[in-house]
Number of protein chains: 2
Amino acid sequence: MARTDISTLGEFGLIDHFTKAIHPQNASTKLGIGDDAAAIDHKSYRTLATTDILLEGVHFNLEYVPLKHLGYKAAVVNISDIYAMNGRPTSLLVALGISKRFSVEDIDELYSGIRLACSEYGVDIVGGDTTSSMTGLTISITCLGEVKQENLVTRSGAKPNDIICCTGNLGAAYMGLQLLERERIAAYNNPDLAQKAFEGKEYILERQLKPEARKDIIEALKTAGIKPTSMIDISDGLSSELLHLCKASGTGCSVFADKLPIDYETAAMAEEMNMDIVTCVLNGGEDYELLFTIAQQDYDKILPMQDVSLIGYMQKAEQGCNLITRSGAEIALKAQGFNAFEN
Amino acid sequence: MARTDISTLGEFGLIDHFTKAIHPQNASTKLGIGDDAAAIDHKSYRTLATTDILLEGVHFNLEYVPLKHLGYKAAVVNISDIYAMNGRPTSLLVALGISKRFSVEDIDELYSGIRLACSEYGVDIVGGDTTSSMTGLTISITCLGEVKQENLVTRSGAKPNDIICCTGNLGAAYMGLQLLERERIAAYNNPDLAQKAFEGKEYILERQLKPEARKDIIEALKTAGIKPTSMIDISDGLSSELLHLCKASGTGCSVFADKLPIDYETAAMAEEMNMDIVTCVLNGGEDYELLFTIAQQDYDKILPMQDVSLIGYMQKAEQGCNLITRSGAEIALKAQGFNAFEN
């Protein structure tokens with residue numbers, strides 16, 4: 001593959017190069033890239049805004065993450081936050097810090113992943129900033145969206161007895177990461193074996209490398225006439241997200257270990273690595289599934305919905321936030337999360 | 001000063017710590033920090049959005065930039081972009097990557113600068129992301145704002161014969177940087193001399209370390225009933241900003257060297273360092289003054305305005321983009337800008 005040094009284009013040439021393939025799809029994008037700021041017409045809707053920063057060596061390892069997938073994922077994790085407010089994502093701002101290690105072609109790959117995600121989710125890239133960095137790659141993405149005030153779903157609306165729902169399945173992205181890390185280390189010793197180790201594990205790899213945001217669920221909830229009472233996307237792990245909902249809503253919760261949705265590849269990988277699957281589901285992050293609560297009266301409406309599991313219920317705060325094990329024992333949930341500041 | 005390791009608070013504790021002092025001032029901030037996204041009510045206004053990323057070692061040097069000033073500046077450069085659209089800034093999202101070198105107290109200093117700028121300009125901090133970094137400090141800020149569609153001023157509306165206006169004075173921030181760099185090197189040899197070298201140069205230091213956005217000018221233009229035909233803020237240097245306006249508007253321009261607004265401290269510093277002052281004004285950046293064009297018919301309205309200089313006029317594209325020197329010679333403007341990818 002050709003390798004064009006970024007310095008050959010210069011700052012303005014580089015911005016032109018990356019932005020020429022970007023064309024707005026939303027009528028609300030009144031002014032996109034190329035001015036001091038973008039202008040978006042959200043009319044009577046509320047503007048939603050969220051930002052995430054991804055740093056090489058902390059959030060991703062380019063030894064096994066292709067740049068196109070990285071771009072896709074960086075966009076999706078922000079888009080997912082807008083859906084978690086029951087909103088529709090409209091606009092993306094992309095700020096990059098790029099070290100000399102990267103060529104124009106590398107950044108083209110990254111951008112092609114960002115553009116693909118935007119195309120999948122109907123989002124316009126409306127601005128950004130591109131600069132050099134001393135070390136590695138920095139990706140900072142901001143996503144804007146819109147929501148009618150009456151449809152806004154925050155973390156704080158859950159009430160005791162509300163049903164806790166979860167989309168898709170959990171722990172897959174985390175087990176995919178464990179697999180990639182294991183094979184990265186193994187590949188030092190024997191590069192030929194690596195490819196083989198991934199056979200039959202494509203699903204968990206895809207969940208780690210190319211996660212999707214649950215646009216389909218937001219649309220299905222609308223069609224079913226259900227407005228969740230609270231909602232969050234699962235980026236840090238089920239346990240910490242449950243605690244966020246409970247803290248914001250002033251409630252406690254009970255979730256049942258035997259109700260947690262787990263794919264068989266995830267379970268098999270946990271078994272192979274001798275890890276406790278429930279712990280992986282509670283503390284492994286990056287699934288970007290939606291965790292939400294609904295009122296009891298919506299029970300009949302949620303039952304026929306595809307890809308939604310009912311995993312527990314909200315309760316009074318003084319009853320605590322607990323996992324009920326298969327044997328019926330209550331274990332208090334802990335906010336494991338991702339303490340990037342440790343070790 | 002106390003030094004608290006960031007790891008002692010953990011990710012969620014750290015976010016709580018930094019956000020507890022943040023209180024919305026705008027009624028439009030319907031939901032601030034603490035959910036998956038912020039919700040802002042821009043009603044019938046267009047939403048404006050801009051983002052900037054600042055990396056240690058590329059955009060700032062903590063050897064001479066205090067963290068509080070850095071926070072202030074990081075906010076102001078984004079706020080300035082919203083004014084450059086003739087808008088009103090409303091909301092800020094702050095994403096930080098922090099290495100172990102920094103303590104909680106350090107980041108408190110940085111945040112106190114960000115909060116001060118927000119308070120000065122009536123902006124709410126509505127969200128962000130805080131994570132660890134392997135190396136140094138990364139600051140990525142996104143600013144949202146609002147503007148009525150009929151008041152939006154882009155880069156592309158200038159016409160031949162429009163008058164080119166510039167606020168404040170230029171080159172000061174650049175000469176402040178030259179001074180700081182010179183004294184940083186000198187201080188290695190003799191630390192006692194450094195403080196003395198700054199006497200009588202406080203203005204250019206402040207322009208570099210604590211720039212302001214021209215909120216006052218945007219308000220004065222409104223009061224005077226002037227809507228610029230095009231506008232941009234001067235972040236990269238006058239020359240490159242003029243070329244941006246001309247390219248976007250499809251015009252050329254003539255600006256007069258003897259009309260360029262220059263403070264005497266800036267001029268004295270250029271003299272002292274044996275640098276050509278006009279070159280410093282054309283290519284030195286970070287002044288965050290506004291560069292705008294107005295129709296000829298607004299000439300009488302602009303004349304009484306404080307702190308605005310008329311520096312030239314727009315012309316047809318085929319007449320080029322030129323500086324007219326004191327001796328009357330025409331020199332083509334070049335986009336020097338800031339090529340962070342070179343060397």
# chains A, B, ... in the order shown; residues from 1 in each chain; ligands from 1
call {"tool": "interface_residues", "arguments": {"of": "chain B", "to": "chain A", "cutoff": "6 Å", "atoms": "only C-alpha atoms", "output": "list in words"}}
result
Ser7, Gly10, Glu11, Asp36, Ala37, Ala38, Ala39, Ile40, Asp41, Lys43, Ser44, Arg46, Thr47, Leu48, Ala49, Thr50, Thr51, Asp52, Asp81, Gly128, Asp129, Ser132, Asn339, Ala340, Phe341 and Glu342 of chain B
call {"tool": "write_last_selection", "arguments": {"atoms": "N, CA, C and O atoms", "output": "mmCIF file, in the first residue's frame"}}
result
data_model
loop_
_atom_site.group_PDB
_atom_site.id
_atom_site.type_symbol
_atom_site.label_atom_id
_atom_site.label_comp_id
_atom_site.auth_asym_id
_atom_site.auth_seq_id
_atom_site.Cartn_x
_atom_site.Cartn_y
_atom_site.Cartn_z
ATOM 1 N N SER B 7 -5.579 8.113 40.974
ATOM 2 C CA SER B 7 -6.052 6.732 41.149
ATOM 3 C C SER B 7 -6.806 6.532 42.466
ATOM 4 O O SER B 7 -7.616 5.624 42.592
ATOM 5 N N GLY B 10 -10.547 7.027 41.573
ATOM 6 C CA GLY B 10 -11.172 6.153 40.582
ATOM 7 C C GLY B 10 -11.892 6.980 39.542
ATOM 8 O O GLY B 10 -12.053 8.195 39.689
ATOM 9 N N GLU B 11 -12.362 6.325 38.492
ATOM 10 C CA GLU B 11 -12.969 7.051 37.368
ATOM 11 C C GLU B 11 -14.226 7.809 37.792
ATOM 12 O O GLU B 11 -14.357 9.003 37.547
ATOM 13 N N ASP B 36 -26.220 10.011 29.613
ATOM 14 C CA ASP B 36 -25.471 9.586 28.431
ATOM 15 C C ASP B 36 -25.173 10.753 27.499
ATOM 16 O O ASP B 36 -24.185 10.756 26.775
ATOM 17 N N ALA B 37 -26.052 11.747 27.506
ATOM 18 C CA ALA B 37 -25.846 12.941 26.688
ATOM 19 C C ALA B 37 -26.513 14.114 27.390
ATOM 20 O O ALA B 37 -27.375 13.926 28.247
ATOM 21 N N ALA B 38 -26.097 15.313 27.034
ATOM 22 C CA ALA B 38 -26.750 16.514 27.543
ATOM 23 C C ALA B 38 -27.925 16.846 26.629
ATOM 24 O O ALA B 38 -27.931 16.462 25.458
ATOM 25 N N ALA B 39 -28.911 17.540 27.170
ATOM 26 C CA ALA B 39 -30.050 17.970 26.358
ATOM 27 C C ALA B 39 -30.169 19.484 26.448
ATOM 28 O O ALA B 39 -30.233 20.045 27.544
ATOM 29 N N ILE B 40 -30.170 20.133 25.295
ATOM 30 C CA ILE B 40 -30.193 21.592 25.241
ATOM 31 C C ILE B 40 -31.365 22.036 24.365
ATOM 32 O O ILE B 40 -31.604 21.455 23.308
ATOM 33 N N ASP B 41 -32.068 23.051 24.826
ATOM 34 C CA ASP B 41 -33.242 23.526 24.109
ATOM 35 C C ASP B 41 -32.891 24.795 23.324
ATOM 36 O O ASP B 41 -32.908 25.889 23.869
ATOM 37 N N LYS B 43 -34.588 25.822 20.822
ATOM 38 C CA LYS B 43 -35.874 26.316 20.280
ATOM 39 C C LYS B 43 -35.800 26.580 18.776
ATOM 40 O O LYS B 43 -35.392 25.707 18.007
ATOM 41 N N SER B 44 -36.140 27.792 18.357
ATOM 42 C CA SER B 44 -36.163 28.085 16.922
ATOM 43 C C SER B 44 -34.778 28.492 16.410
ATOM 44 O O SER B 44 -34.617 28.837 15.252
ATOM 45 N N ARG B 46 -30.773 27.908 15.369
ATOM 46 C CA ARG B 46 -29.890 26.871 14.864
ATOM 47 C C ARG B 46 -28.888 26.515 15.958
ATOM 48 O O ARG B 46 -28.415 27.398 16.682
ATOM 49 N N THR B 47 -28.551 25.235 16.034
ATOM 50 C CA THR B 47 -27.499 24.800 16.943
ATOM 51 C C THR B 47 -26.150 24.932 16.236
ATOM 52 O O THR B 47 -25.978 24.456 15.114
ATOM 53 N N LEU B 48 -25.200 25.605 16.890
ATOM 54 C CA LEU B 48 -23.840 25.710 16.361
ATOM 55 C C LEU B 48 -22.943 24.742 17.124
ATOM 56 O O LEU B 48 -23.123 24.552 18.321
ATOM 57 N N ALA B 49 -21.980 24.145 16.446
ATOM 58 C CA ALA B 49 -21.098 23.183 17.113
ATOM 59 C C ALA B 49 -19.681 23.284 16.565
ATOM 60 O O ALA B 49 -19.483 23.342 15.351
ATOM 61 N N THR B 50 -18.701 23.330 17.456
ATOM 62 C CA THR B 50 -17.300 23.409 17.052
ATOM 63 C C THR B 50 -16.451 22.627 18.047
ATOM 64 O O THR B 50 -16.824 22.487 19.212
ATOM 65 N N THR B 51 -15.332 22.097 17.590
ATOM 66 C CA THR B 51 -14.486 21.309 18.481
ATOM 67 C C THR B 51 -13.016 21.616 18.228
ATOM 68 O O THR B 51 -12.623 21.949 17.109
ATOM 69 N N ASP B 52 -12.210 21.556 19.284
ATOM 70 C CA ASP B 52 -10.762 21.795 19.185
ATOM 71 C C ASP B 52 -10.055 20.828 20.105
ATOM 72 O O ASP B 52 -10.498 20.586 21.221
ATOM 73 N N ASP B 81 -14.998 30.540 18.332
ATOM 74 C CA ASP B 81 -15.528 30.013 17.066
ATOM 75 C C ASP B 81 -17.038 30.229 16.941
ATOM 76 O O ASP B 81 -17.561 30.406 15.843
ATOM 77 N N GLY B 128 -18.886 15.624 29.152
ATOM 78 C CA GLY B 128 -17.482 15.405 28.891
ATOM 79 C C GLY B 128 -17.098 13.967 29.078
ATOM 80 O O GLY B 128 -17.942 13.080 29.157
ATOM 81 N N ASP B 129 -15.810 13.756 29.155
ATOM 82 C CA ASP B 129 -15.262 12.418 29.303
ATOM 83 C C ASP B 129 -13.895 12.610 29.959
ATOM 84 O O ASP B 129 -13.172 13.546 29.620
ATOM 85 N N SER B 132 -7.570 8.257 31.533
ATOM 86 C CA SER B 132 -6.122 8.349 31.711
ATOM 87 C C SER B 132 -5.460 8.381 30.346
ATOM 88 O O SER B 132 -6.043 7.981 29.344
ATOM 89 N N ASN B 339 1.526 24.539 10.377
ATOM 90 C CA ASN B 339 1.620 23.155 9.929
ATOM 91 C C ASN B 339 2.284 22.319 11.010
ATOM 92 O O ASN B 339 3.494 22.138 11.034
ATOM 93 N N ALA B 340 1.433 21.805 11.893
ATOM 94 C CA ALA B 340 1.938 21.027 13.021
ATOM 95 C C ALA B 340 2.553 19.714 12.553
ATOM 96 O O ALA B 340 3.158 19.003 13.331
ATOM 97 N N PHE B 341 2.362 19.377 11.275
ATOM 98 C CA PHE B 341 2.876 18.101 10.789
ATOM 99 C C PHE B 341 4.286 18.218 10.231
ATOM 100 O O PHE B 341 4.911 17.240 9.889
ATOM 101 N N GLU B 342 4.765 19.468 10.086
ATOM 102 C CA GLU B 342 6.119 19.636 9.566
ATOM 103 C C GLU B 342 7.174 19.432 10.650
ATOM 104 O O GLU B 342 6.896 19.548 11.825
#
call {"tool": "select_by_dssp", "arguments": {"residues": "stretch 153-199 of chain B", "states": "strand (DSSP E or B)", "output": "count of residues only"}}
result
5
call {"tool": "residues_around", "arguments": {"residues": "A:Lys301", "least_positions_apart": "2", "cutoff": "10 Å", "atoms": "only C-alpha atoms", "output": "list of chain:residue names"}}
result
A:Leu221, A:Ala224, A:Gly225, A:Ile226, A:Gln297, A:Asp298, A:Tyr299, A:Leu303, A:Pro304, A:Met305
call {"tool": "write_last_selection", "arguments": {"atoms": "all heavy atoms", "output": "tab-separated table (two decimals), in the first residue's frame"}}
result
chain	number	residue	atom	x	y	z
A	221	LEU	N	-39.25	0.10	20.11
A	221	LEU	CA	-39.94	0.60	21.30
A	221	LEU	C	-40.99	1.63	20.90
A	221	LEU	O	-42.11	1.64	21.42
A	221	LEU	CB	-38.94	1.23	22.28
A	221	LEU	CG	-38.07	0.25	23.08
A	221	LEU	CD1	-36.93	0.99	23.77
A	221	LEU	CD2	-38.90	-0.52	24.10
A	224	ALA	N	-43.90	-0.10	19.33
A	224	ALA	CA	-44.68	-0.83	20.34
A	224	ALA	C	-45.39	0.12	21.31
A	224	ALA	O	-46.18	-0.33	22.15
A	224	ALA	CB	-43.77	-1.78	21.11
A	225	GLY	N	-45.12	1.41	21.19
A	225	GLY	CA	-45.76	2.37	22.09
A	225	GLY	C	-45.23	2.32	23.51
A	225	GLY	O	-45.94	2.62	24.47
A	226	ILE	N	-43.95	1.94	23.64
A	226	ILE	CA	-43.34	1.88	24.98
A	226	ILE	C	-42.35	3.03	25.13
A	226	ILE	O	-41.46	3.20	24.31
A	226	ILE	CB	-42.57	0.56	25.18
A	226	ILE	CG1	-43.49	-0.64	25.02
A	226	ILE	CG2	-41.87	0.54	26.55
A	226	ILE	CD1	-42.74	-1.97	24.98
A	297	GLN	N	-47.15	-1.80	33.57
A	297	GLN	CA	-48.27	-1.84	32.62
A	297	GLN	C	-47.83	-2.08	31.17
A	297	GLN	O	-48.63	-2.41	30.32
A	297	GLN	CB	-49.10	-0.55	32.72
A	297	GLN	CG	-48.40	0.66	32.14
A	297	GLN	CD	-48.56	1.89	33.04
A	297	GLN	OE1	-48.49	1.79	34.27
A	297	GLN	NE2	-48.76	3.03	32.42
A	298	ASP	N	-46.52	-1.92	30.91
A	298	ASP	CA	-46.02	-2.17	29.54
A	298	ASP	C	-45.52	-3.60	29.36
A	298	ASP	O	-44.97	-3.94	28.30
A	298	ASP	CB	-44.90	-1.17	29.20
A	298	ASP	CG	-45.44	0.22	28.93
A	298	ASP	OD1	-46.62	0.33	28.50
A	298	ASP	OD2	-44.71	1.21	29.15
A	299	TYR	N	-45.75	-4.44	30.36
A	299	TYR	CA	-45.26	-5.82	30.32
A	299	TYR	C	-45.75	-6.57	29.07
A	299	TYR	O	-44.98	-7.20	28.36
A	299	TYR	CB	-45.70	-6.55	31.59
A	299	TYR	CG	-45.29	-8.00	31.66
A	299	TYR	CD1	-43.96	-8.37	31.87
A	299	TYR	CD2	-46.24	-9.02	31.49
A	299	TYR	CE1	-43.59	-9.70	31.93
A	299	TYR	CE2	-45.88	-10.36	31.55
A	299	TYR	CZ	-44.56	-10.70	31.77
A	299	TYR	OH	-44.19	-12.01	31.82
A	303	LEU	N	-43.24	-8.10	25.85
A	303	LEU	CA	-43.04	-9.55	25.69
A	303	LEU	C	-42.78	-9.98	24.24
A	303	LEU	O	-41.85	-10.76	24.00
A	303	LEU	CB	-44.24	-10.32	26.26
A	303	LEU	CG	-44.13	-10.68	27.74
A	303	LEU	CD1	-45.25	-11.65	28.12
A	303	LEU	CD2	-42.77	-11.30	28.09
A	304	PRO	N	-43.58	-9.50	23.27
A	304	PRO	CA	-43.33	-9.97	21.89
A	304	PRO	C	-42.10	-9.35	21.23
A	304	PRO	O	-41.74	-9.74	20.12
A	304	PRO	CB	-44.61	-9.55	21.14
A	304	PRO	CG	-45.22	-8.48	21.96
A	304	PRO	CD	-44.79	-8.67	23.37
A	305	MET	N	-41.44	-8.40	21.88
A	305	MET	CA	-40.30	-7.72	21.22
A	305	MET	C	-39.10	-8.64	21.08
A	305	MET	O	-38.69	-9.30	22.03
A	305	MET	CB	-39.92	-6.44	21.99
A	305	MET	CG	-40.60	-5.20	21.43
A	305	MET	SD	-40.00	-3.69	22.25
A	305	MET	CE	-38.34	-3.58	21.56
call {"tool": "residues_around", "arguments": {"residues": "B:Val65", "least_positions_apart": "5", "cutoff": "9 Å", "atoms": "only C-alpha atoms", "output": "PyMOL selection string"}}
result
chain B and resi 60+70+209
